[in-house]
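A.B. asks: So that we are looking at the same thing, I have put the structure below in structure tokens.
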Amino acid sequence: MTAAASANPLAPEAEPQFDVGSTDDSLERMIELFARYGDTYRVFVPARKSYTYVIHHPDDVKRVLVTNHRNYVKGLGLDRVKILLGKGIMTSEGELWTRQRYMMQPLFHRRVITGFAELIAAANERRLASWDRLAARGEVLNLTDEMSDLTLEIVLRSIFGRDLDRLSEQLGGNPFEVVAREQGRDLQFAYKFRSLTKLVAQLIARRRAEPEEHFDYVAMLMAARDKQSGEPMGERELIDEIMTLIVAGHETTASGLNWTWYLLSQHPDAEARLHAELDAAPAMAAPSPAEAESLAYASQVVNEALRLYPPGWLLSRRTLAADVLGGFAVPAGTNVLLPLYLLHRHPRYWQHPDRFWPERFAGEHDAERPRFAYMPFAAGPRHCIGEAFALYEMLVHVYKVARRYRLVYVPDRPLELEAQINLRTRHPLHMRLERRT
């Protein structure tokens with residue numbers, strides 16, 4: 001797939017035809033197409049009567065996301081996500097996105113994240129207390145549901161602070177539980193989720209009417225100011241950013257932890273090395289980001305899980321003007337897909353790409369691969385704003401749990417991937433808890 005810029009990566013008779021990136025079997029078909037055609041190919045999408053280009057080379061990924069990012073906007077699936085999230089930073093473009101991103105970036109600074117250490121630790125301790133009772137009864141843990149519930153609690157408490165308990169008491173339950181309880185991300189879910197914006201608007205209005213001191217993301221978003229005008233976010237923008245943080249801060253982290261525990265359960269040597277590191281570490285009630293990051297092997301385990309099973313497994317962009325990718329001319333207005341699942345398993349850049357080997361993320365191996373061969377949180381100006389928070393949250397959870405328990409996989413059906421908006425297990429994973437201490 002090398003040559004001067006050409007219009008056709010494949011001969012017309014060889015070109016596949018399907019709604020790539022949108023069908024339930026997209027990942028399976030893209031694995032096959034990558035093996036057959038290599039780093040660059042295109043797929044004709046009959047429903048749109050247009051081509052979608054799929055790229056896997058780190059140089060092209062860098063071009064789309066970094067060096068020529070101004071020529072690209074969000075692509076396939078954006079309309080569906082907008083119905084769910086409105087015009088938050090995940091879906092907005094242009095001046096609105098630039099303004100909102102600038103206002104929100106300081107909210108995810110390391111010193112701010114450090115302020116959530118006790119919140120994250122306390123949520124894990126509550127979860128472990130319930131696991132203790134489960135283990136005492138000899139019951140099996142529904143790991144997938146537990147990771148969903150835990151990460152939802154953390155993201156909601158970081159956003160709403162003590163108002164979450166107030167809302168739950170007033171309404172007789174957590175109104176945002178629908179995010180964890182309903183797995184589908186269809187129009188019915190979007191309607192239920194967007195109906196919660198009324199509660200968010202009421203909460204904002206109450207805070208304005210009754211000023212109190214709060215340390216949470218609602219308070220920080222309300223206090224954020226535009227760098228040019230000094231104006232705060234508008235009401236709709238404020239609500240959309242809150243709703244975006246709920247979804248983005250929950251699903252990816254839950255999926256990442258679900259895969260982390262599964263992989264550890266299948267690789268006893270890695271599990272033993274993790275336990276040795278954590279057993280040697282000091283007891284920390286609420287590890288800070290620096291303390292969590294000092295757990296070198298735990299960090300490698302998390303990175304390796306995110307490499308093999310990146311929750312956001314597929315990035316979508318659309319060209320504004322024509323470009324050249326992989327040596328081929330890509331017209332303006334063309335959808336371009338970046339399958340991170342395949343990039344992270346590219347045999348040219350990863351030794352034994354399908355193997356779970358956390359040590360590959362030790363510093364001495366960094367030079368073995370290009371920078372853009374690994375990016376579970378994307379890259380460039382639109383990289384995930386919550387990356388540092390998510391990694392910290394995952395490390396604290398691994399530290400807390402693995403010091404106390406060993407999780408033993410209890411298979412009740414074949415493991416299947418579900419590659420939709422996020423890369424998840426099609427069915428919940430179940431674990432038996434073995435007490436270590």
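FYI, nothing fancy with the structure tokens labels: chains A, B, ... in order, residues from 1 per chain, ligands from 1 as they appear.
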Do you know which residues are at most 9 Å from region 400-417 of chain A counting only C-alpha atoms, after dropping those on the same chain fewer than 5 positions away, and could you put them as a VMD selection string?
C.D. replies: chain A and resid 121 124 to 125 128 140 261 to 262 264 to 266 271 274 to 275 278 to 279 284 to 285 395 423 to 427 429 to 437
A.B. asks: Once you have the residues from the selection above, write them out as a compact mmCIF listing (two decimals), in the first residue's frame, restricted to N, CA and C atoms.
C.D. replies:
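Listing of again_0.txt after writing:
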```
# COMPACT_ATOMS: atom_id res chain seq x y z
N ALA A 121 -11.17 6.94 47.32
CA ALA A 121 -10.83 5.89 48.28
C ALA A 121 -12.05 5.43 49.06
N ASN A 124 -14.31 3.12 47.09
CA ASN A 124 -13.73 1.78 47.00
C ASN A 124 -13.88 1.03 48.32
N GLU A 125 -13.71 1.71 49.44
CA GLU A 125 -13.86 1.05 50.74
C GLU A 125 -15.29 0.58 50.95
N LEU A 128 -15.69 -2.50 48.86
CA LEU A 128 -15.00 -3.63 49.45
C LEU A 128 -15.76 -4.18 50.66
N VAL A 140 -20.81 -15.57 44.33
CA VAL A 140 -20.02 -15.12 43.19
C VAL A 140 -20.33 -13.65 42.91
N TRP A 261 -9.40 -6.87 35.39
CA TRP A 261 -9.56 -8.01 36.29
C TRP A 261 -9.66 -9.33 35.53
N TYR A 262 -10.30 -9.30 34.38
CA TYR A 262 -10.36 -10.53 33.58
C TYR A 262 -8.96 -10.96 33.15
N LEU A 264 -6.02 -10.25 34.46
CA LEU A 264 -5.24 -10.71 35.61
C LEU A 264 -5.66 -12.13 36.02
N SER A 265 -6.96 -12.40 35.94
CA SER A 265 -7.44 -13.74 36.32
C SER A 265 -6.93 -14.82 35.39
N GLN A 266 -6.55 -14.43 34.17
CA GLN A 266 -6.08 -15.40 33.19
C GLN A 266 -4.57 -15.51 33.14
N GLU A 271 -0.44 -11.57 37.82
CA GLU A 271 -1.19 -11.34 39.04
C GLU A 271 -0.28 -11.44 40.26
N LEU A 274 1.93 -8.41 40.49
CA LEU A 274 1.16 -7.26 40.98
C LEU A 274 0.97 -7.36 42.49
N HIS A 275 0.59 -8.54 42.98
CA HIS A 275 0.40 -8.71 44.42
C HIS A 275 1.69 -8.42 45.19
N LEU A 278 2.19 -4.64 45.40
CA LEU A 278 1.24 -3.99 46.30
C LEU A 278 1.48 -4.37 47.75
N ASP A 279 1.88 -5.61 47.99
CA ASP A 279 2.17 -6.05 49.36
C ASP A 279 3.38 -5.30 49.92
N MET A 284 -1.89 2.80 52.37
CA MET A 284 -2.30 4.18 52.04
C MET A 284 -3.82 4.23 52.07
N ALA A 285 -4.38 5.00 52.98
CA ALA A 285 -5.84 5.09 53.09
C ALA A 285 -6.43 5.73 51.84
N LEU A 395 -6.04 3.05 39.08
CA LEU A 395 -4.92 2.61 39.92
C LEU A 395 -5.31 2.50 41.39
N LEU A 423 -16.00 -0.71 23.85
CA LEU A 423 -15.66 -2.13 23.72
C LEU A 423 -15.93 -2.80 25.06
N ARG A 424 -16.95 -3.64 25.10
CA ARG A 424 -17.36 -4.26 26.35
C ARG A 424 -17.45 -5.77 26.18
N THR A 425 -17.63 -6.46 27.31
CA THR A 425 -17.97 -7.88 27.23
C THR A 425 -19.47 -7.96 26.94
N ARG A 426 -19.84 -8.85 26.06
CA ARG A 426 -21.26 -8.94 25.69
C ARG A 426 -22.12 -9.37 26.88
N HIS A 427 -21.56 -10.22 27.72
CA HIS A 427 -22.27 -10.69 28.90
C HIS A 427 -21.43 -10.36 30.14
N LEU A 429 -19.19 -10.50 33.41
CA LEU A 429 -18.18 -11.42 33.91
C LEU A 429 -18.43 -11.67 35.40
N HIS A 430 -18.22 -12.91 35.81
CA HIS A 430 -18.42 -13.27 37.22
C HIS A 430 -17.10 -13.75 37.81
N MET A 431 -16.87 -13.37 39.06
CA MET A 431 -15.63 -13.69 39.75
C MET A 431 -15.92 -14.26 41.14
N ARG A 432 -15.05 -15.15 41.57
CA ARG A 432 -15.07 -15.63 42.95
C ARG A 432 -13.99 -14.87 43.71
N LEU A 433 -14.34 -14.41 44.88
CA LEU A 433 -13.42 -13.61 45.69
C LEU A 433 -12.63 -14.52 46.62
N GLU A 434 -11.30 -14.47 46.51
CA GLU A 434 -10.43 -15.19 47.43
C GLU A 434 -9.67 -14.20 48.29
N ARG A 435 -9.91 -14.24 49.59
CA ARG A 435 -9.30 -13.28 50.51
C ARG A 435 -7.79 -13.52 50.60
N ARG A 436 -7.00 -12.46 50.51
CA ARG A 436 -5.55 -12.58 50.56
C ARG A 436 -5.00 -12.24 51.94
N THR A 437 -5.69 -11.41 52.68
CA THR A 437 -5.17 -10.97 53.97
C THR A 437 -6.20 -11.20 55.06
```
A.B. asks: Name the residues of region 37-275 of chain A that come out as helix (DSSP H, G or I) in a backbone DSSP run; write them as a tab-separated table (two decimals) with C-alpha atoms, in the first residue's frame.
C.D. replies:
```
chain	number	residue	atom	x	y	z
A	37	TYR	CA	-5.24	-5.20	2.92
A	58	PRO	CA	0.85	5.64	13.35
A	59	ASP	CA	2.10	8.33	10.96
A	60	ASP	CA	-1.37	8.70	9.44
A	61	VAL	CA	-2.99	8.60	12.87
A	62	LYS	CA	-0.68	11.42	13.96
A	63	ARG	CA	-1.58	13.42	10.86
A	64	VAL	CA	-5.31	13.12	11.46
A	65	LEU	CA	-5.24	13.81	15.19
A	66	VAL	CA	-2.29	16.17	15.57
A	67	THR	CA	-0.34	17.67	12.68
A	69	HIS	CA	-6.10	18.12	12.99
A	70	ARG	CA	-7.67	21.39	11.81
A	71	ASN	CA	-8.66	19.60	8.61
A	78	LEU	CA	-21.79	12.06	15.89
A	79	ASP	CA	-25.51	12.73	15.39
A	80	ARG	CA	-26.43	9.81	17.62
A	81	VAL	CA	-24.07	10.97	20.36
A	82	LYS	CA	-25.40	14.54	20.12
A	83	ILE	CA	-28.89	13.29	20.92
A	84	LEU	CA	-27.49	11.84	24.13
A	85	LEU	CA	-24.99	14.51	25.17
A	94	GLY	CA	-15.13	25.05	16.12
A	95	GLU	CA	-15.28	28.10	18.37
A	96	LEU	CA	-17.71	26.51	20.82
A	97	TRP	CA	-15.43	23.53	21.38
A	98	THR	CA	-12.32	25.75	21.70
A	99	ARG	CA	-14.04	27.98	24.24
A	100	GLN	CA	-15.41	25.13	26.32
A	101	ARG	CA	-12.19	23.12	26.25
A	102	TYR	CA	-10.18	26.11	27.45
A	103	MET	CA	-12.61	26.71	30.30
A	104	MET	CA	-12.63	23.05	31.36
A	105	GLN	CA	-8.97	22.09	31.00
A	106	PRO	CA	-7.86	23.53	34.38
A	107	LEU	CA	-10.55	21.45	36.10
A	108	PHE	CA	-8.56	18.31	35.34
A	110	ARG	CA	-3.29	17.27	38.82
A	111	ARG	CA	-3.84	19.42	41.91
A	112	VAL	CA	-7.60	19.34	41.33
A	113	ILE	CA	-7.64	15.58	40.87
A	114	THR	CA	-5.69	15.22	44.11
A	117	ALA	CA	-8.44	11.28	46.63
A	118	GLU	CA	-10.58	10.72	49.71
A	119	LEU	CA	-13.78	10.52	47.65
A	120	ILE	CA	-12.32	7.82	45.38
A	121	ALA	CA	-10.83	5.89	48.28
A	122	ALA	CA	-14.06	6.01	50.28
A	123	ALA	CA	-16.12	4.72	47.34
A	124	ASN	CA	-13.73	1.78	47.00
A	125	GLU	CA	-13.86	1.05	50.74
A	126	ARG	CA	-17.66	0.96	50.65
A	127	ARG	CA	-17.51	-1.39	47.71
A	128	LEU	CA	-15.00	-3.63	49.45
A	129	ALA	CA	-17.20	-3.78	52.55
A	130	SER	CA	-20.03	-5.16	50.43
A	131	TRP	CA	-17.59	-7.60	48.80
A	132	ASP	CA	-16.53	-8.78	52.25
A	133	ARG	CA	-20.12	-9.74	53.00
A	134	LEU	CA	-20.45	-11.43	49.62
A	135	ALA	CA	-17.24	-13.41	50.14
A	136	ALA	CA	-18.34	-14.47	53.63
A	143	LEU	CA	-17.79	-8.04	38.28
A	144	THR	CA	-19.20	-6.13	35.30
A	145	ASP	CA	-22.11	-4.70	37.28
A	146	GLU	CA	-19.83	-3.90	40.22
A	147	MET	CA	-17.39	-1.96	38.06
A	148	SER	CA	-20.27	-0.07	36.49
A	149	ASP	CA	-21.79	0.81	39.86
A	150	LEU	CA	-18.46	1.82	41.40
A	151	THR	CA	-17.34	4.07	38.58
A	152	LEU	CA	-20.79	5.65	38.33
A	153	GLU	CA	-20.72	6.46	42.04
A	154	ILE	CA	-17.28	8.04	41.74
A	155	VAL	CA	-18.13	10.14	38.72
A	156	LEU	CA	-21.46	11.28	40.19
A	157	ARG	CA	-19.93	12.24	43.55
A	158	SER	CA	-17.09	14.08	41.82
A	159	ILE	CA	-19.63	16.02	39.75
A	160	PHE	CA	-22.43	16.67	42.27
A	163	ASP	CA	-25.92	17.16	46.40
A	164	LEU	CA	-26.00	13.59	45.09
A	165	ASP	CA	-27.19	12.31	48.48
A	166	ARG	CA	-29.65	15.18	48.72
A	167	LEU	CA	-31.13	14.32	45.33
A	168	SER	CA	-31.29	10.62	46.13
A	169	GLU	CA	-33.06	11.31	49.43
A	170	GLN	CA	-35.59	13.63	47.82
A	171	LEU	CA	-36.35	11.25	44.95
A	175	PRO	CA	-31.91	9.28	39.59
A	176	PHE	CA	-28.77	8.63	37.52
A	177	GLU	CA	-28.74	4.87	38.09
A	178	VAL	CA	-30.23	4.47	34.62
A	179	VAL	CA	-26.71	5.02	33.26
A	180	ALA	CA	-25.49	1.78	34.85
A	181	ARG	CA	-28.71	-0.21	34.74
A	187	LEU	CA	-33.07	6.58	21.41
A	188	GLN	CA	-35.09	5.27	24.34
A	189	PHE	CA	-32.08	5.51	26.63
A	190	ALA	CA	-31.20	8.95	25.24
A	191	TYR	CA	-34.70	10.19	26.07
A	192	LYS	CA	-34.48	8.90	29.66
A	193	PHE	CA	-31.02	10.32	30.11
A	194	ARG	CA	-31.82	13.74	28.66
A	195	SER	CA	-34.88	13.95	30.92
A	197	THR	CA	-31.29	17.59	32.57
A	198	LYS	CA	-34.30	19.04	34.42
A	199	LEU	CA	-32.83	17.82	37.71
A	200	VAL	CA	-29.44	19.25	36.82
A	201	ALA	CA	-30.99	22.63	35.94
A	202	GLN	CA	-32.85	22.67	39.27
A	203	LEU	CA	-29.66	21.85	41.16
A	204	ILE	CA	-27.80	24.67	39.43
A	205	ALA	CA	-30.62	27.10	40.18
A	206	ARG	CA	-30.65	26.11	43.86
A	207	ARG	CA	-26.89	26.63	44.13
A	208	ARG	CA	-27.22	30.09	42.62
A	209	ALA	CA	-30.03	30.97	45.00
A	217	TYR	CA	-17.30	19.65	39.10
A	218	VAL	CA	-20.64	21.45	39.12
A	219	ALA	CA	-19.09	24.19	41.26
A	220	MET	CA	-15.99	24.34	39.10
A	221	LEU	CA	-17.97	24.48	35.85
A	222	MET	CA	-20.19	27.22	37.26
A	223	ALA	CA	-17.08	29.21	38.25
A	235	GLU	CA	-27.08	27.44	30.93
A	236	ARG	CA	-27.37	24.96	28.08
A	237	GLU	CA	-23.60	24.61	27.71
A	238	LEU	CA	-23.21	24.07	31.45
A	239	ILE	CA	-25.83	21.32	31.50
A	240	ASP	CA	-24.44	19.62	28.38
A	241	GLU	CA	-20.93	19.51	29.87
A	242	ILE	CA	-22.27	17.98	33.09
A	243	MET	CA	-24.18	15.31	31.15
A	244	THR	CA	-21.08	14.62	29.03
A	245	LEU	CA	-18.92	14.12	32.12
A	246	ILE	CA	-21.40	11.62	33.54
A	247	VAL	CA	-21.33	9.36	30.50
A	248	ALA	CA	-17.70	9.82	29.48
A	249	GLY	CA	-16.44	9.48	33.04
A	250	HIS	CA	-18.37	6.30	33.71
A	251	GLU	CA	-18.43	3.88	30.80
A	252	THR	CA	-14.81	3.90	29.67
A	253	THR	CA	-13.41	3.46	33.19
A	254	ALA	CA	-15.89	0.70	34.02
A	255	SER	CA	-14.98	-1.18	30.85
A	256	GLY	CA	-11.25	-0.74	31.45
A	257	LEU	CA	-11.48	-2.18	34.97
A	258	ASN	CA	-13.69	-5.04	33.81
A	259	TRP	CA	-11.01	-6.09	31.31
A	260	THR	CA	-8.18	-5.50	33.79
A	261	TRP	CA	-9.56	-8.01	36.29
A	262	TYR	CA	-10.36	-10.53	33.58
A	263	LEU	CA	-6.82	-10.38	32.17
A	264	LEU	CA	-5.24	-10.71	35.61
A	265	SER	CA	-7.44	-13.74	36.32
A	266	GLN	CA	-6.08	-15.40	33.19
A	268	PRO	CA	-1.30	-15.84	37.30
A	269	ASP	CA	2.32	-14.77	36.82
A	270	ALA	CA	1.29	-11.15	36.20
A	271	GLU	CA	-1.19	-11.34	39.04
A	272	ALA	CA	1.51	-12.63	41.41
A	273	ARG	CA	3.91	-9.84	40.41
A	274	LEU	CA	1.16	-7.26	40.98
A	275	HIS	CA	0.40	-8.71	44.42
```
A.B. asks: Restricting the calculation to only C-alpha atoms, which member of A:Pro376, A:Gly230, A:Pro347, A:Gly312 is positioned closest to Ala35 (chain A)?
C.D. replies: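 Checking each candidate against Ala35 (chain A), we get A:Pro347 as the closest.
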A.B. asks: Separation of CA of Leu337 (chain A) and CA of Met90 (chain A), in Å?
C.D. replies: 16.6 Å
A.B. asks: List the spatial neighbours of region 352-359 of chain A as a list in words - criterion: any atom at most 7 Å away, only C-alpha atoms, same-chain residues fewer than 4 positions off excluded.
C.D. replies: Gln300, Val301, Glu304, Arg345, His346 and Pro347 of chain A
A.B. asks: Emit the selected residues as a compact mmCIF listing (two decimals), in the first residue's frame, including C-alpha atoms.
C.D. replies:
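Full text of result.txt as output:
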```txt
# COMPACT_ATOMS: atom_id res chain seq x y z
CA GLN A 300 1.82 -1.32 33.47
CA VAL A 301 -1.07 -3.71 34.09
CA GLU A 304 -1.71 -3.24 28.98
CA ARG A 345 -2.27 -4.87 18.15
CA HIS A 346 -0.36 -3.87 15.03
CA PRO A 347 2.20 -6.65 14.50
```
A.B. asks: What does the distance from CA of Asp216 (chain A) to CA of Gly161 (chain A) come to in Å, to one decimal?
C.D. replies: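 These two atoms are separated by 5.4 Å.
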A.B. asks: Write out as an NGL selection string which residues come within 12 Å of Ser299 (chain A) when counting only C-alpha atoms, dropping same-chain ones fewer than 6 positions away.
C.D. replies: :A and (260 or 274 or 277-278 or 289-293 or 305-306 or 358-363 or 391-399)
A.B. asks: Quick one: distance from CA of Val330 (chain A) to CA of Tyr309 (chain A) in Å, one decimal?
C.D. replies: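 CA of Val330 (chain A) sits 28.8 Å away from CA of Tyr309 (chain A).
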A.B. asks: In region 281-335 of chain A, what's strand (DSSP E) per DSSP? Answer as a list in words?
C.D. replies: Leu314, Leu315, Ser316, Arg317, Arg318, Thr319, Asp323, Val324, Leu325, Phe328, Ala329, Val330 and Asn335 of chain A
A.B. asks: Pick the closest to Val324 (chain A) from A:Val43, A:Ile421, A:Val336, A:Ala367: which is it, counting only C-alpha atoms?
C.D. replies: A:Val336
A.B. asks: Give me, as a CSV table (one decimal) with C-alpha atoms, in the first residue's frame, all polymer residues having an atom no more than 12 Å from Ile31 (chain A), counting only C-alpha atoms and skipping those fewer than 3 positions away in the same chain.
C.D. replies:
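For reference, out06.csv as written:
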```csv
chain,number,residue,atom,x,y,z
A,20,VAL,CA,-18.2,0.0,8.4
A,21,GLY,CA,-18.1,1.2,12.1
A,25,ASP,CA,-19.9,-7.2,13.3
A,26,SER,CA,-17.7,-4.2,12.3
A,27,LEU,CA,-14.8,-5.2,14.5
A,28,GLU,CA,-14.7,-8.8,13.2
A,34,PHE,CA,-6.7,-5.3,8.1
A,35,ALA,CA,-5.1,-8.7,7.7
A,36,ARG,CA,-6.0,-8.8,4.0
A,37,TYR,CA,-5.2,-5.2,2.9
A,38,GLY,CA,-2.9,-3.7,5.5
A,39,ASP,CA,-2.6,-0.1,6.8
A,54,VAL,CA,-9.8,3.1,7.4
A,56,HIS,CA,-3.8,2.0,10.9
A,339,PRO,CA,-9.5,1.5,14.9
A,340,LEU,CA,-7.5,1.7,18.1
A,341,TYR,CA,-8.2,-2.0,18.8
A,342,LEU,CA,-6.1,-2.9,15.7
A,343,LEU,CA,-3.6,-0.1,16.1
A,345,ARG,CA,-2.3,-4.9,18.2
A,346,HIS,CA,-0.4,-3.9,15.0
```
